[in-house]
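Q: Take a look at this one; I'll ask things after.
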Amino acid sequence: MFMRYFARAFSAMAGPRPVVLSGPSGAGKSTLLKKLMKEYDSVFGFSVSHTTRNPRPGEVNGKDYHFVTREVMQAGIDNGDFIEHAEFSGNMYGTSKAAVQDVQAKNLICILDIDMQGVKNIKRTDLNPIYISIQPPSMEVLEKRLRDRKTESEESLQRRLDIARVDMEISKEQGLFDSVIINDNLEEALGQLKKALLEEINKVKQTSMSS
């Protein structure tokens with residue numbers, strides 16, 4: 001029921017194709033996104049996800065995440081307000097339809113930072129995004145990046161690494177992603193990301209110039 005409603009809602013939405021960006025924590029998605037959005041400040045819009053986890057230092061409610069209680073989030077899920085949702089390390093995460101529609105309505109390419117479970121959920125809809133996976137060059141590099149953050153307990157870090165191993169394997173599935181980018185060198189990875197999105201970027205620019 002929810003998925004059928006969601007499909008109708010998005011069929012009626014005019015706007016650029018969204019981008020589903022996936023990959024394990026520590027692969028460098030956030031850094032690449034910041035650089036991409038700085039270079040194309042009037043092309044991309046970020047879909048702000050909901051989460052039940054507590055804010056980290058410096059995170060702003062409504063900008064980094066919508067920080068909500070489990071009760072509020074569950075009510076939204078039950079109401080069919082979310083495209084996808086998942087649970088990780090005891091916290092819920094999800095993307096609302098409204099968050100994507102807000103960005104599309106401004107003629108911006110909506111970026112959705114989604115985990116692998118969310119990717120498979122979106123594959124069952126007709127949102128028709130561009131699917132891109134950002135992967136680390138190796139598990140060793142990923143572990144070093146996560147340890148250097150110093151934001152995790154050992155138990156939490158090991159859970160992230162376990163999930164990353166599965167993520168890296170699934171990303172190799174034929175046809176799951178339009179592009180898989182190995183983030184070994186940041187500038188090279190950014191170049192590959194821009195190339196994958198160039199067609200949509202040009203469409204947005206042309207629409208903006210003609211309006």
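All residue names refer to the structure tokens as shown: chains lettered A, B, ... in order, residues numbered from 1 in each chain, ligands numbered from 1 in order.
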May I have the residues within 12 Å of Gly94 in chain A as a ChimeraX atom specification, using only C-alpha atoms and disregarding those fewer than 3 positions away in the same chain?

A: /A:47-53,65-68,70,73-74,76-77,80-88,91,97-100,112-115,117-119,121-122

Q: Quick one: write out the picked residues with C-alpha atoms as a compact mmCIF listing (two decimals), in the first residue's frame?

A:
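That gives us selection_6.txt:
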```txt
# COMPACT_ATOMS: atom_id res chain seq x y z
CA SER A 47 17.76 15.28 1.38
CA VAL A 48 17.84 15.65 5.17
CA SER A 49 17.28 12.25 6.78
CA HIS A 50 15.49 11.54 10.04
CA THR A 51 17.22 9.71 12.87
CA THR A 52 16.54 8.74 16.48
CA ARG A 53 20.23 8.96 17.47
CA TYR A 65 19.51 15.33 10.32
CA HIS A 66 16.01 15.72 11.64
CA PHE A 67 16.63 14.43 15.17
CA VAL A 68 13.41 12.89 16.45
CA ARG A 70 11.57 6.82 18.26
CA MET A 73 9.70 8.33 13.73
CA GLN A 74 7.61 5.17 14.11
CA GLY A 76 5.76 8.65 10.43
CA ILE A 77 6.72 5.18 9.16
CA GLY A 80 3.66 6.00 5.03
CA ASP A 81 5.71 9.20 5.20
CA PHE A 82 9.05 7.50 4.50
CA ILE A 83 10.61 6.25 1.25
CA GLU A 84 12.95 4.01 3.20
CA HIS A 85 14.02 3.39 6.76
CA ALA A 86 16.45 1.14 8.57
CA GLU A 87 17.86 0.47 12.01
CA PHE A 88 21.57 0.62 12.79
CA ASN A 91 19.00 3.86 16.15
CA LYS A 97 9.01 11.74 0.85
CA ALA A 98 8.66 15.40 1.84
CA ALA A 99 12.45 15.81 2.11
CA VAL A 100 12.95 14.64 -1.49
CA LEU A 112 19.99 10.80 -0.80
CA ASP A 113 22.72 9.32 1.40
CA ILE A 114 21.28 5.82 1.88
CA ASP A 115 22.51 2.52 3.31
CA GLN A 117 19.06 -1.80 2.88
CA GLY A 118 17.58 1.53 1.77
CA VAL A 119 18.99 1.13 -1.74
CA ASN A 121 13.92 -0.56 -0.80
CA ILE A 122 14.16 2.28 -3.33
```

Q: Going by DSSP on the backbone, which bits of range 92-194 of chain A are alpha helix (DSSP H)? Write them as a ChimeraX atom specification, please.

A: /A:97-104,116-123,139-149,154-170,186-194

Q: Which of range 51-194 of chain A counts as strand (DSSP E) under DSSP, as an NGL selection string please?

A: :A and (51 or 66-67 or 82-88 or 91-96 or 109-113 or 130-135 or 179-182)

Q: Keeping only C-alpha atoms, take the residues you just selected and write them out as a short mmCIF file (atom, residue, chain, number, x, y, z; two decimals), in the first residue's frame.

A:
```
data_model
loop_
_atom_site.label_atom_id
_atom_site.label_comp_id
_atom_site.auth_asym_id
_atom_site.auth_seq_id
_atom_site.Cartn_x
_atom_site.Cartn_y
_atom_site.Cartn_z
CA THR A 51 17.22 9.71 12.87
CA HIS A 66 16.01 15.72 11.64
CA PHE A 67 16.63 14.43 15.17
CA PHE A 82 9.05 7.50 4.50
CA ILE A 83 10.61 6.25 1.25
CA GLU A 84 12.95 4.01 3.20
CA HIS A 85 14.02 3.39 6.76
CA ALA A 86 16.45 1.14 8.57
CA GLU A 87 17.86 0.47 12.01
CA PHE A 88 21.57 0.62 12.79
CA ASN A 91 19.00 3.86 16.15
CA MET A 92 16.47 4.38 13.36
CA TYR A 93 17.29 6.25 10.16
CA GLY A 94 14.99 7.15 7.27
CA THR A 95 14.26 9.40 4.29
CA SER A 96 10.88 11.11 4.09
CA ILE A 109 19.15 17.28 -7.94
CA CYS A 110 18.20 15.67 -4.64
CA ILE A 111 21.01 13.70 -3.02
CA LEU A 112 19.99 10.80 -0.80
CA ASP A 113 22.72 9.32 1.40
CA ILE A 130 21.00 7.49 -10.34
CA TYR A 131 22.59 4.87 -8.05
CA ILE A 132 26.20 5.52 -7.00
CA SER A 133 28.28 3.54 -4.52
CA ILE A 134 31.31 5.11 -2.82
CA GLN A 135 33.70 2.44 -1.55
CA SER A 179 28.62 3.67 -10.84
CA VAL A 180 30.91 2.23 -8.16
CA ILE A 181 33.63 4.72 -7.19
CA ILE A 182 36.67 3.57 -5.19
#
```

Q: Counting only C-alpha atoms, which residue out of A:Arg17, A:Leu161, A:Ser42, A:Asp64 sits closest to Pro136 in chain A?

A: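 Looking at the shortest contact to Pro136 in chain A, the residue is A:Leu161.
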
Q: Please indicate the distance in Å from CA of Met37 in chain A to CA of Pro24 in chain A, rounded to one decimal place.

A: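 That distance, rounded to one decimal, is 20.2 Å.
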
Q: Any idea what's packed within 12 Å of Lys194 in chain A, counting only C-alpha atoms, ignoring anything in its chain fewer than 6 positions away? Could you give it as an NGL selection string?

A: :A and (19 or 32-33 or 35-37 or 39-40 or 43-44 or 132 or 179 or 181 or 187-188 or 200-202)

Q: Nearest residue to Pro129 in chain A out of A:Glu173, A:Glu71, A:Asp178, A:Asp184, using only C-alpha atoms?

A: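 Checking each of A:Glu173, A:Glu71, A:Asp178, A:Asp184 against Pro129 in chain A, counting only C-alpha atoms, the winner is A:Asp178.
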
Q: Compare A:Pro137, A:Lys144, A:Lys150, A:Pro57 by their minimum atom-to-atom distance to Asn185 in chain A, counting only C-alpha atoms, and give me the closest one.

A: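 Comparing A:Pro137, A:Lys144, A:Lys150, A:Pro57 against Asn185 in chain A, the winner is A:Pro137.
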